[in-house]
$ cat start_7.txt   # compact mmCIF, C-alpha atoms
# COMPACT_ATOMS: atom_id res chain seq x y z
CA MET A 124 0.00 0.00 0.00
CA MET A 125 1.39 3.39 -0.95
CA ALA A 126 1.44 6.34 1.46
CA LYS A 127 -1.66 8.52 1.43
CA MET A 128 -1.31 11.91 -0.25
CA SER A 129 -2.37 15.41 0.74
CA GLY A 130 -5.99 16.35 0.01
CA GLN A 131 -4.64 18.96 -2.38
CA SER A 132 -2.95 16.42 -4.61
CA ILE A 133 -4.26 15.70 -8.08
CA VAL A 134 -3.75 12.69 -10.31
CA CYS A 135 -3.36 13.92 -13.88
CA ASP A 136 -4.50 12.20 -17.05
CA SER A 137 -2.58 12.57 -20.30
CA SER A 138 -5.52 14.38 -21.94
CA SER A 139 -5.13 17.41 -19.63
CA LEU A 140 -1.35 17.48 -19.97
CA ILE A 141 -1.76 17.49 -23.76
CA SER A 142 -4.29 20.35 -23.67
CA LEU A 143 -2.14 22.36 -21.26
CA THR A 144 1.09 21.94 -23.20
CA ASP A 145 -0.58 22.57 -26.55
CA SER A 146 -1.94 25.84 -25.14
CA CYS A 147 1.43 26.76 -23.60
CA PHE A 148 -0.05 26.64 -20.09
CA ILE A 149 2.26 24.11 -18.46
CA HIS A 150 3.47 26.91 -16.16
CA VAL A 151 0.08 26.96 -14.49
CA ILE A 152 1.24 23.76 -12.81
CA TYR A 153 4.42 25.53 -11.59
CA PHE A 154 2.29 28.44 -10.37
CA LEU A 155 -0.17 26.27 -8.43
CA LYS A 156 2.50 23.96 -7.13
CA LYS A 157 4.22 26.92 -5.45
CA LYS A 158 0.97 27.95 -3.77
CA TYR A 159 -0.17 24.61 -2.39
CA GLY A 160 1.15 21.60 -0.57
CA GLY A 161 -0.35 19.09 -2.94
CA ARG A 162 1.35 17.10 -5.66
CA PHE A 163 0.58 16.73 -9.33
CA ILE A 164 0.85 13.00 -9.84
CA ILE A 165 1.09 11.13 -13.09
CA PRO A 166 1.15 7.37 -13.60
CA LEU A 167 4.10 5.90 -15.47
CA SER A 168 1.82 5.09 -18.41
CA VAL A 169 0.91 8.79 -18.72
CA GLU A 170 4.58 9.76 -18.71
CA LYS A 171 5.18 7.29 -21.53
CA GLU A 172 2.31 8.76 -23.52
CA CYS A 173 3.22 12.38 -22.89
CA VAL A 174 7.01 12.27 -22.87
CA GLU A 175 8.63 9.10 -24.17
CA ARG A 176 6.59 8.60 -27.35
CA PRO A 177 6.05 12.20 -28.54
CA LEU A 178 9.71 13.02 -27.94
CA TYR A 179 10.41 11.38 -31.28
CA ILE A 180 7.54 13.00 -33.20
CA LYS A 181 8.66 16.29 -34.75
CA ASN A 182 5.28 17.96 -34.32
CA TYR A 183 5.03 17.13 -30.62
CA ALA A 184 8.61 16.95 -29.36
CA LEU A 185 8.48 20.43 -27.84
CA HIS A 186 5.37 19.53 -25.82
CA ALA A 187 7.13 16.42 -24.56
CA ILE A 188 10.19 18.45 -23.57
CA ARG A 189 8.03 20.87 -21.58
CA ILE A 190 6.50 18.03 -19.59
CA LYS A 191 9.85 16.30 -19.18
CA ARG A 192 11.31 19.50 -17.74
CA ALA A 193 8.35 19.96 -15.38
CA ILE A 194 8.93 16.43 -14.09
CA ALA A 195 12.68 16.99 -13.77
CA GLU A 196 12.04 20.20 -11.81
CA GLY A 197 9.78 18.37 -9.39
CA MET A 198 6.55 20.01 -10.50
CA MET A 199 5.00 16.66 -11.30
CA ASP A 200 5.67 13.29 -9.73
CA VAL A 201 5.70 10.13 -11.76
CA VAL A 202 4.29 7.30 -9.71
CA GLU A 203 4.41 3.69 -10.70
CA ALA A 204 0.85 2.60 -11.34
CA THR A 205 -0.98 0.37 -8.91
CA PRO A 206 -0.71 -3.36 -9.32
CA GLU A 207 -1.79 -4.07 -12.88
CA LYS A 208 -4.50 -6.35 -11.56
CA GLN A 209 -6.32 -3.49 -9.88
CA ALA A 210 -6.34 -1.26 -12.97
CA GLU A 211 -7.38 -4.24 -15.05
CA GLU A 212 -10.24 -4.91 -12.66
CA ILE A 213 -11.49 -1.31 -12.89
CA ARG A 214 -11.28 -1.54 -16.66
CA PHE A 215 -13.08 -4.85 -16.76
CA ILE A 216 -15.94 -3.56 -14.60
CA ALA A 217 -16.19 -0.31 -16.59
CA ASN A 218 -16.26 -2.23 -19.85
CA SER A 219 -19.09 -4.44 -18.72
CA ILE A 220 -21.47 -1.67 -17.60
CA PHE A 221 -23.16 -1.12 -20.96
CA HIS A 222 -24.14 -3.73 -23.49
CA VAL A 223 -25.71 -3.88 -26.92
CA GLU A 224 -27.59 -6.98 -27.95
CA GLY A 225 -25.75 -8.96 -25.31
CA THR A 226 -22.28 -7.70 -26.28
CA PRO A 227 -20.49 -5.52 -23.70
CA LEU A 228 -19.39 -2.11 -24.95
CA ARG A 229 -15.66 -1.63 -24.51
CA LEU A 230 -15.44 2.01 -23.54
CA LEU A 231 -12.43 2.46 -21.27
CA HIS A 232 -8.76 2.15 -22.17
CA ALA A 233 -5.95 0.83 -19.97
CA GLY A 234 -4.45 4.34 -19.63
CA GLU A 235 -7.68 5.84 -18.28
CA ALA A 236 -8.15 2.86 -15.96
CA ASP A 237 -4.58 3.45 -14.70
CA VAL A 238 -5.44 7.01 -13.71
CA LEU A 239 -8.61 5.99 -11.87
CA SER A 240 -7.03 3.08 -10.04
CA LEU A 241 -3.92 5.06 -9.08
CA ALA A 242 -6.10 7.79 -7.56
CA ILE A 243 -8.09 5.19 -5.62
CA GLU A 244 -4.94 3.42 -4.45
CA LEU A 245 -3.26 6.64 -3.27
CA GLY A 246 -6.43 7.95 -1.64
CA VAL A 247 -6.31 11.03 -3.89
CA ASP A 248 -9.85 12.12 -4.68
CA ASN A 249 -8.95 14.72 -7.30
CA ILE A 250 -8.43 13.89 -10.94
CA LEU A 251 -7.43 16.25 -13.70
CA MET A 252 -8.93 14.85 -16.88
CA ASP A 253 -9.97 16.55 -20.12
CA GLU A 254 -11.12 13.28 -21.67
CA ARG A 255 -14.90 13.01 -21.68
CA THR A 256 -15.99 9.36 -21.61
CA ALA A 257 -14.18 8.15 -18.46
CA ARG A 258 -15.34 11.28 -16.63
CA MET A 259 -18.96 10.79 -17.74
CA LEU A 260 -18.85 7.14 -16.79
CA VAL A 261 -18.09 8.15 -13.20
CA GLU A 262 -20.19 11.31 -12.96
CA ALA A 263 -23.21 10.65 -15.13
CA PRO A 264 -23.45 7.09 -16.46
CA GLU A 265 -27.10 7.47 -17.41
CA SER A 266 -26.34 10.55 -19.56
CA LEU A 267 -23.57 8.59 -21.23
CA ARG A 268 -25.92 5.66 -21.85
CA GLN A 269 -28.46 7.96 -23.49
CA HIS A 270 -25.74 9.56 -25.58
CA LEU A 271 -24.47 6.18 -26.78
CA GLU A 272 -28.02 5.12 -27.60
CA HIS A 273 -28.59 8.28 -29.60
CA GLU A 274 -25.26 8.09 -31.44
CA LEU A 275 -25.27 4.39 -32.21
CA GLY A 276 -29.00 4.08 -32.88
CA LYS A 277 -29.24 0.96 -30.73
CA GLN A 278 -30.77 0.21 -27.39
CA ILE A 279 -28.05 0.21 -24.74
CA GLY A 280 -28.62 -1.96 -21.69
CA ILE A 281 -27.03 -1.55 -18.26
CA ASN A 282 -25.52 -4.27 -16.13
CA GLU A 283 -26.60 -2.97 -12.73
CA ASP A 284 -24.10 -5.11 -10.80
CA SER A 285 -21.18 -3.71 -12.79
CA LEU A 286 -22.48 -0.19 -12.50
CA SER A 287 -22.84 -0.34 -8.75
CA ALA A 288 -19.40 -1.96 -8.35
CA PHE A 289 -17.87 0.79 -10.49
CA SER A 290 -19.76 3.54 -8.66
CA ARG A 291 -18.67 2.17 -5.29
CA ALA A 292 -15.03 2.11 -6.38
CA THR A 293 -15.08 5.62 -7.83
CA ARG A 294 -17.62 7.40 -5.62
CA LYS A 295 -15.09 9.71 -3.94
CA LEU A 296 -13.46 10.91 -7.13
CA ARG A 297 -13.85 14.52 -8.22
CA PHE A 298 -12.96 15.54 -11.73
CA PHE A 299 -11.54 18.81 -12.97
CA ARG A 300 -10.52 19.86 -16.42
CA SER A 301 -7.64 22.04 -17.53
CA THR A 302 -10.17 24.87 -17.93
CA GLU A 303 -10.98 24.83 -14.21
CA LEU A 304 -7.29 24.70 -13.37
CA ILE A 305 -6.75 27.84 -15.45
CA LEU A 306 -9.67 29.57 -13.72
CA LEU A 307 -8.25 28.69 -10.31
CA ALA A 308 -4.88 30.09 -11.37
CA HIS A 309 -6.63 33.22 -12.60
CA GLU A 310 -8.36 33.69 -9.24
CA LEU A 311 -4.92 33.50 -7.64
CA GLY A 312 -3.45 36.15 -9.92
CA TYR A 313 -1.87 34.15 -12.74
CA PHE A 314 -3.16 36.59 -15.37
CA ALA A 315 -2.69 39.75 -13.28
CA ASP A 316 0.04 41.16 -15.51
CA TYR A 317 -2.46 41.43 -18.36
CA GLY A 318 -3.88 44.47 -16.55
CA GLU A 319 -7.15 45.64 -18.00
CA LEU A 320 -7.05 42.79 -20.53
CA GLU A 321 -6.99 40.19 -17.77
CA ARG A 322 -10.56 38.90 -18.10
CA GLU A 323 -10.39 38.82 -21.88
CA ALA A 324 -7.17 36.84 -21.64
CA VAL A 325 -8.80 34.35 -19.29
CA GLU A 326 -11.78 33.85 -21.59
CA ALA A 327 -9.49 33.48 -24.59
CA SER A 328 -7.48 30.90 -22.65
CA LEU A 329 -10.59 28.83 -21.99
CA TYR A 330 -11.35 28.76 -25.71
CA LYS A 331 -7.75 27.90 -26.51
CA LEU A 332 -7.92 24.92 -24.14
CA LYS A 333 -11.19 23.87 -25.74
CA TYR A 334 -9.57 23.94 -29.18
CA SER A 335 -6.67 21.95 -27.77
CA GLY A 336 -9.02 19.12 -26.90
CA CYS A 337 -10.41 19.86 -23.44
CA ALA A 338 -13.90 18.36 -23.39
CA ILE A 339 -15.92 21.47 -22.80
CA GLY A 340 -18.69 22.99 -24.89
CA PHE A 341 -18.75 26.49 -26.36
CA GLY A 342 -22.01 26.97 -24.44
CA GLU A 343 -20.38 26.12 -21.13
CA ILE A 344 -17.52 28.57 -21.66
CA GLY A 345 -19.89 31.26 -22.91
CA GLU A 346 -22.19 30.91 -19.92
CA TYR A 347 -19.36 31.00 -17.39
CA SER A 348 -17.72 33.95 -19.10
CA ARG A 349 -20.97 35.93 -19.20
CA LYS A 350 -21.57 35.40 -15.50
CA HIS A 351 -18.06 35.70 -14.15
CA LEU A 352 -15.68 37.29 -16.60
CA ARG A 353 -17.59 39.89 -18.56
CA GLU A 354 -19.59 41.63 -15.84
CA MET B 434 -29.46 -4.84 -39.82
CA THR B 435 -25.80 -5.82 -39.59
CA LEU B 436 -24.11 -6.55 -42.92
CA THR B 437 -21.87 -9.56 -43.36
CA LEU B 438 -18.27 -8.99 -44.47
CA ALA B 439 -19.08 -10.44 -47.91
CA GLU B 440 -22.14 -8.19 -48.33
CA THR B 441 -20.06 -5.18 -47.33
CA ALA B 442 -17.50 -5.97 -50.04
CA VAL B 443 -20.29 -6.20 -52.65
CA LEU B 444 -21.80 -2.88 -51.57
CA ILE B 445 -18.43 -1.11 -51.65
CA GLY B 446 -17.73 -2.50 -55.10
CA SER B 447 -21.07 -1.29 -56.39
CA ALA B 448 -20.61 2.23 -54.95
CA LEU B 449 -17.11 2.31 -56.46
CA ARG B 450 -18.18 1.32 -59.96
CA ASN B 451 -21.02 3.88 -59.85
CA HIS B 452 -18.73 6.63 -58.49
CA ASP B 453 -21.39 7.03 -55.80
CA VAL B 454 -19.76 9.09 -53.03
CA ARG B 455 -22.94 9.28 -50.94
CA ALA B 456 -23.39 5.51 -50.96
CA MET B 457 -19.72 5.09 -50.05
CA ARG B 458 -20.13 7.43 -47.08
CA LYS B 459 -23.22 5.54 -45.93
CA ILE B 460 -21.30 2.27 -45.95
CA ASN B 461 -18.53 4.03 -44.05
CA ASN B 462 -20.99 5.16 -41.35
CA ARG B 463 -22.27 1.61 -40.96
CA CYS B 464 -18.75 0.20 -40.69
CA VAL B 465 -17.73 2.81 -38.09
CA GLU B 466 -20.85 2.15 -36.01
CA GLU B 467 -20.23 -1.57 -36.20
CA THR B 468 -16.63 -0.96 -35.10
CA ALA B 469 -17.84 0.98 -32.07
CA LEU B 470 -20.28 -1.76 -31.11
CA ARG B 471 -18.04 -4.79 -31.59
CA PHE B 472 -14.57 -4.25 -32.93
CA GLN B 473 -13.46 -6.61 -35.70
CA GLN B 474 -10.36 -5.85 -37.77
CA PRO B 475 -11.98 -6.59 -41.18
CA THR B 476 -14.92 -4.28 -40.44
CA TYR B 477 -12.57 -1.54 -39.33
CA ASN B 478 -10.50 -2.06 -42.48
CA TYR B 479 -13.67 -1.58 -44.54
CA ALA B 480 -14.32 1.64 -42.62
CA LEU B 481 -10.86 2.88 -43.63
CA ILE B 482 -11.27 1.72 -47.24
CA THR B 483 -14.66 3.41 -47.67
CA TYR B 484 -13.47 6.67 -46.10
CA VAL B 485 -10.49 6.87 -48.44
CA LEU B 486 -12.50 5.80 -51.49
CA ALA B 487 -15.13 8.47 -50.80
CA LYS B 488 -12.33 11.06 -50.65
CA ILE B 489 -10.71 9.83 -53.85
CA LEU B 490 -14.00 9.67 -55.77
CA SER B 491 -14.90 13.21 -54.74
CA LYS B 492 -11.61 14.77 -55.87
CA PRO B 493 -11.12 15.20 -59.63
CA ARG B 494 -7.35 15.68 -59.20
CA TYR B 495 -6.95 11.94 -58.62
CA PHE B 496 -8.39 11.24 -62.08
CA LYS B 497 -6.37 13.79 -64.08
CA HIS B 498 -3.74 11.38 -65.34
CA GLY B 499 -5.67 8.15 -65.38
CA GLN B 500 -4.25 6.77 -62.11
CA GLY B 501 -7.65 7.07 -60.44
CA LYS B 502 -9.29 4.93 -63.07
CA GLU B 503 -6.55 2.34 -62.74
CA LEU B 504 -6.97 2.32 -58.97
CA ILE B 505 -10.72 1.76 -59.24
CA SER B 506 -10.20 -1.28 -61.39
CA THR B 507 -7.55 -2.70 -59.01
CA VAL B 508 -9.69 -2.08 -55.93
CA ASP B 509 -12.76 -3.54 -57.62
CA ARG B 510 -10.84 -6.72 -58.39
CA LEU B 511 -9.49 -6.96 -54.84
CA LEU B 512 -12.96 -6.37 -53.39
CA ARG B 513 -14.24 -9.39 -55.31
CA THR B 514 -11.42 -11.39 -53.75
CA CYS B 515 -12.46 -10.03 -50.33
CA GLU B 516 -16.02 -11.15 -50.95
CA GLY B 517 -14.87 -14.69 -51.71
CA LEU B 518 -12.53 -14.82 -48.72
CA ALA B 519 -15.26 -13.56 -46.38
CA LYS B 520 -17.62 -16.25 -47.66
CA THR B 521 -15.08 -18.97 -46.96
CA ALA B 522 -14.19 -17.40 -43.60
CA GLU B 523 -10.50 -16.95 -44.50
CA TYR B 524 -10.15 -13.92 -42.29
CA ASP B 525 -6.36 -13.67 -42.20
CA THR B 526 -6.15 -13.61 -45.99
CA LEU B 527 -9.10 -11.22 -46.05
CA ALA B 528 -7.19 -8.79 -43.84
CA LEU B 529 -4.12 -9.12 -46.10
CA THR B 530 -6.20 -8.35 -49.19
CA GLN B 531 -7.77 -5.36 -47.48
CA GLY B 532 -4.23 -4.26 -46.65
CA LYS B 533 -3.37 -4.41 -50.37
CA ILE B 534 -6.34 -2.14 -51.13
CA LEU B 535 -5.19 0.35 -48.51
CA THR B 536 -1.61 0.28 -49.80
CA SER B 537 -2.70 0.93 -53.38
CA MET B 538 -4.82 3.90 -52.30
CA GLU B 539 -2.01 5.29 -50.16
CA LYS B 540 0.35 4.98 -53.13
CA LEU B 541 -2.01 7.00 -55.29
CA ASP B 542 -2.13 9.73 -52.65
CA ASP B 543 1.65 9.73 -52.22
CA GLU B 544 2.14 10.39 -55.94
CA ASP B 545 0.45 13.77 -55.58
CA ARG B 546 0.79 14.50 -51.87
CA ARG B 547 -0.62 17.88 -50.76
CA PHE B 548 -0.48 17.59 -46.98
CA VAL B 549 1.99 16.39 -44.38
CA LYS B 550 -0.57 13.88 -43.22
CA GLY B 551 -1.39 11.21 -45.79
CA ILE B 552 -4.91 10.21 -46.73
CA LEU B 553 -4.77 6.97 -44.73
CA GLN B 554 -3.57 8.70 -41.56
CA LYS B 555 -6.34 11.23 -42.02
CA ALA B 556 -8.89 8.43 -42.35
CA LYS B 557 -7.67 6.84 -39.11
CA LEU B 558 -7.92 10.16 -37.31
CA LYS B 559 -11.40 10.89 -38.66
CA ILE B 560 -12.70 7.46 -37.66
CA ALA B 561 -11.10 7.72 -34.21
CA SER B 562 -12.76 11.10 -33.76
CA THR B 563 -16.15 9.67 -34.71
CA LEU B 564 -15.69 6.84 -32.21
CA TYR B 565 -14.75 9.32 -29.47
CA ALA B 566 -17.74 11.51 -30.34
CA GLN B 567 -20.00 8.47 -30.15
CA GLY B 568 -18.88 7.75 -26.59
CA ILE B 569 -15.88 5.44 -26.82
CA SER B 570 -13.08 6.78 -24.62
CA LEU B 571 -10.22 8.78 -26.09
CA GLY B 572 -7.66 6.05 -25.41
CA ASN B 573 -9.81 3.26 -26.78
CA ALA B 574 -10.80 5.25 -29.87
CA SER B 575 -7.17 6.00 -30.68
CA GLU B 576 -6.12 2.40 -30.06
CA ILE B 577 -8.93 0.90 -32.18
CA ALA B 578 -8.28 3.24 -35.08
CA GLY B 579 -4.49 3.26 -34.78
CA ALA B 580 -4.49 7.05 -34.52
CA ASP B 581 -2.20 9.12 -32.30
CA LYS B 582 -3.98 10.10 -29.07
CA ARG B 583 -2.53 13.60 -29.10
CA GLU B 584 -3.65 14.22 -32.66
CA LEU B 585 -7.06 12.82 -31.84
CA LEU B 586 -7.45 15.13 -28.87
CA LEU B 587 -6.48 18.18 -30.92
CA TYR B 588 -8.75 17.11 -33.77
CA ALA B 589 -11.69 16.58 -31.38
CA GLY B 590 -11.10 20.09 -30.06
CA GLN B 591 -11.90 21.51 -33.50
CA THR B 592 -15.30 19.80 -33.61
CA MET B 593 -18.66 20.50 -31.96
CA MET B 594 -18.76 17.13 -30.23
CA PHE B 595 -18.56 18.58 -26.73
CA ASP B 596 -21.66 20.68 -27.32
CA ARG B 597 -23.67 17.59 -28.24
CA LEU B 598 -23.58 16.11 -24.76
CA HIS B 599 -24.42 18.31 -21.81
CA GLU B 600 -22.29 17.98 -18.72
CA LYS B 601 -24.15 17.12 -15.54
CA LYS B 602 -21.82 19.26 -13.47
CA SER B 603 -21.49 22.89 -14.41
CA MET B 604 -18.20 24.74 -14.54
CA GLU B 605 -19.36 26.70 -11.50
CA GLN B 606 -19.88 23.52 -9.48
CA ARG B 607 -16.46 22.24 -10.43
CA MET B 608 -14.91 25.58 -9.51
CA LYS B 609 -16.67 25.55 -6.15
CA GLU B 610 -15.19 22.14 -5.39
CA LEU B 611 -11.76 23.15 -6.60
CA ARG B 612 -11.77 26.27 -4.41
CA GLU B 613 -12.76 24.16 -1.40
CA ILE B 614 -9.89 21.78 -2.03
CA PHE B 615 -7.34 24.53 -2.47
CA SER B 616 -8.64 26.87 0.22
$ encode --input "start_7.txt" --output "structure tokens"
Amino acid sequence: MMAKMSGQSIVCDSSSLISLTDSCFIHVIYFLKKKYGGRFIIPLSVEKECVERPLYIKNYALHAIRIKRAIAEGMMDVVEATPEKQAEEIRFIANSIFHVEGTPLRLLHAGEADVLSLAIELGVDNILMDERTARMLVEAPESLRQHLEHELGKQIGINEDSLSAFSRATRKLRFFRSTELILLAHELGYFADYGELEREAVEASLYKLKYSGCAIGFGEIGEYSRKHLRE
Amino acid sequence: MTLTLAETAVLIGSALRNHDVRAMRKINNRCVEETALRFQQPTYNYALITYVLAKILSKPRYFKHGQGKELISTVDRLLRTCEGLAKTAEYDTLALTQGKILTSMEKLDDEDRRFVKGILQKAKLKIASTLYAQGISLGNASEIAGADKRELLLYAGQTMMFDRLHEKKSMEQRMKELREIFS
């Protein structure tokens, strides 16, 4: 059993690290790290995805270098994933929740299961994840079922036993996206040097993260900006 | 109703001979949906083949020097082979023949390459994006389609897919929780 982490620690998925580096916001992690006692934790599999592999792809090497440097400077901690069996179990349960005509729908990937199981193992309730499906599976499985039904034009059944086992395992987890991380940084003064352009810069940053793959709708950004950034 | 692998080959061949882009796209949609429901390599290969064929048929530049016409005849012949192999359940050879179709189409694109990303890579990315939009996770979609996860994420960001499914938790709720954690 690994040591329990601070309540301010966050386990990060590769999707958020990709959005943040693509938007040149990796320094938000440096900024927040200096303000809080928590750790930004990434499983080994996420490091492989975000550093090792893209390091040799011309288009993405710079992103990989940024993350590699952040790890080397202690801004993010790479933690060996939980015993493979545990991640595999989470994945197996998740992939047996929905079924179509008797066939289970394979929704979750090993990398996403790694993030969930590592958070559970470390007792870290906070997950930074821009990917949509894994997040929806934990937060709103019924909405996801309806969405799948609509998209695939087939009736999607639920295996209640799998769903309750999955919900029990993941009930404490809270998900945040890179957009919320940017807003938190903004509230702490990250954009202060933009002066009177500060709020516009924050709104523009949210859109930039959206275009970089963060699973957030235009409507959601627009509504938040109207209420909190443009008044 | 689900199509068999042999029926799919016949339908693709017919759409190809008729230069019917719409029919080709329809077959592509069916193959992608089938891939999301129960992944099978031959069905996914058909999804790739139909995507690329629809692109080729809709672009006159591929037919300027006769290579397009030549390709159609090669692919048509190989599709007939696919039909036979599917009927006799020779799935390994079927996958190899589908691979030959994909290689011949890629070669055509390479001869007059306009973008860094080739037509086959683009097809993989587009299919992965559709799978992700349908509800398959990002990692699974990229693995199934053989597309790079990073590219898929960036591609998905340029689409409207995140406006098609409303989040249960609002940004305000998430912010409230985040402030509590970091207070």
$ closest_residue --input "start_7.txt" --among "A:Arg162, A:Arg300, A:Arg189, A:Arg291" --to "Ser603 of chain B" --atoms "all atoms listed in the file"
A:Arg300
$ interface_residues --input "start_7.txt" --of "chain B" --to "chain A" --cutoff "9 Å" --atoms "all atoms listed in the file" --output "short mmCIF file (atom, residue, chain, number, x, y, z; two decimals) with C-alpha atoms, in the frame of the given file"
data_model
loop_
_atom_site.label_atom_id
_atom_site.label_comp_id
_atom_site.auth_asym_id
_atom_site.auth_seq_id
_atom_site.Cartn_x
_atom_site.Cartn_y
_atom_site.Cartn_z
CA GLU B 466 -20.85 2.15 -36.01
CA GLU B 467 -20.23 -1.57 -36.20
CA ALA B 469 -17.84 0.98 -32.07
CA LEU B 470 -20.28 -1.76 -31.11
CA ARG B 471 -18.04 -4.79 -31.59
CA PHE B 472 -14.57 -4.25 -32.93
CA TYR B 565 -14.75 9.32 -29.47
CA ALA B 566 -17.74 11.51 -30.34
CA GLN B 567 -20.00 8.47 -30.15
CA GLY B 568 -18.88 7.75 -26.59
CA ILE B 569 -15.88 5.44 -26.82
CA SER B 570 -13.08 6.78 -24.62
CA LEU B 571 -10.22 8.78 -26.09
CA GLY B 572 -7.66 6.05 -25.41
CA ASN B 573 -9.81 3.26 -26.78
CA ALA B 574 -10.80 5.25 -29.87
CA GLU B 576 -6.12 2.40 -30.06
CA LYS B 582 -3.98 10.10 -29.07
CA ARG B 583 -2.53 13.60 -29.10
CA LEU B 585 -7.06 12.82 -31.84
CA LEU B 586 -7.45 15.13 -28.87
CA LEU B 587 -6.48 18.18 -30.92
CA TYR B 588 -8.75 17.11 -33.77
CA ALA B 589 -11.69 16.58 -31.38
CA GLY B 590 -11.10 20.09 -30.06
CA GLN B 591 -11.90 21.51 -33.50
CA THR B 592 -15.30 19.80 -33.61
CA MET B 593 -18.66 20.50 -31.96
CA MET B 594 -18.76 17.13 -30.23
CA PHE B 595 -18.56 18.58 -26.73
CA ASP B 596 -21.66 20.68 -27.32
CA ARG B 597 -23.67 17.59 -28.24
CA LEU B 598 -23.58 16.11 -24.76
CA HIS B 599 -24.42 18.31 -21.81
CA GLU B 600 -22.29 17.98 -18.72
CA LYS B 601 -24.15 17.12 -15.54
CA LYS B 602 -21.82 19.26 -13.47
CA SER B 603 -21.49 22.89 -14.41
CA MET B 604 -18.20 24.74 -14.54
CA GLU B 605 -19.36 26.70 -11.50
CA ARG B 607 -16.46 22.24 -10.43
CA MET B 608 -14.91 25.58 -9.51
CA GLU B 610 -15.19 22.14 -5.39
CA LEU B 611 -11.76 23.15 -6.60
CA ARG B 612 -11.77 26.27 -4.41
CA ILE B 614 -9.89 21.78 -2.03
CA PHE B 615 -7.34 24.53 -2.47
#
$ closest_residue --input "start_7.txt" --among "B:Thr530, B:Gln474, B:Thr521, B:Thr536" --to "Gly579 of chain B" --atoms "all atoms listed in the file"
B:Gln474
$ closest_residue --input "start_7.txt" --among "A:Val261, A:Leu185, A:Val202, A:Ala242" --to "Ile220 of chain A" --atoms "all atoms listed in the file"
A:Val261
$ atom_distance --input "start_7.txt" --atom1 "atom CA of Asp136 of chain A" --atom2 "atom CA of Gly312 of chain A"
25.0 Å
$ residues_around --input "start_7.txt" --residues "Ala292 of chain A" --least-positions-apart "4" --cutoff "10 Å" --atoms "only C-alpha atoms" --output "JSON, numbers by chain"
{"A": [213, 239, 240, 243, 261, 286, 287, 288, 296]}
$ residues_around --input "start_7.txt" --residues "Ile445 of chain B" --least-positions-apart "2" --cutoff "9 Å" --atoms "only C-alpha atoms" --output "ChimeraX atom specification"
/B:440-443,447-450,456-457,460,479,482-483,509,512
$ write_last_selection --input "start_7.txt" --atoms "C-alpha atoms" --output "compact mmCIF listing (two decimals), in the coordinates of the input"
# COMPACT_ATOMS: atom_id res chain seq x y z
CA GLU B 440 -22.14 -8.19 -48.33
CA THR B 441 -20.06 -5.18 -47.33
CA ALA B 442 -17.50 -5.97 -50.04
CA VAL B 443 -20.29 -6.20 -52.65
CA SER B 447 -21.07 -1.29 -56.39
CA ALA B 448 -20.61 2.23 -54.95
CA LEU B 449 -17.11 2.31 -56.46
CA ARG B 450 -18.18 1.32 -59.96
CA ALA B 456 -23.39 5.51 -50.96
CA MET B 457 -19.72 5.09 -50.05
CA ILE B 460 -21.30 2.27 -45.95
CA TYR B 479 -13.67 -1.58 -44.54
CA ILE B 482 -11.27 1.72 -47.24
CA THR B 483 -14.66 3.41 -47.67
CA ASP B 509 -12.76 -3.54 -57.62
CA LEU B 512 -12.96 -6.37 -53.39
$ atom_distance --input "start_7.txt" --atom1 "atom CA of Leu311 of chain A" --atom2 "atom CA of Lys191 of chain A"
25.4 Å
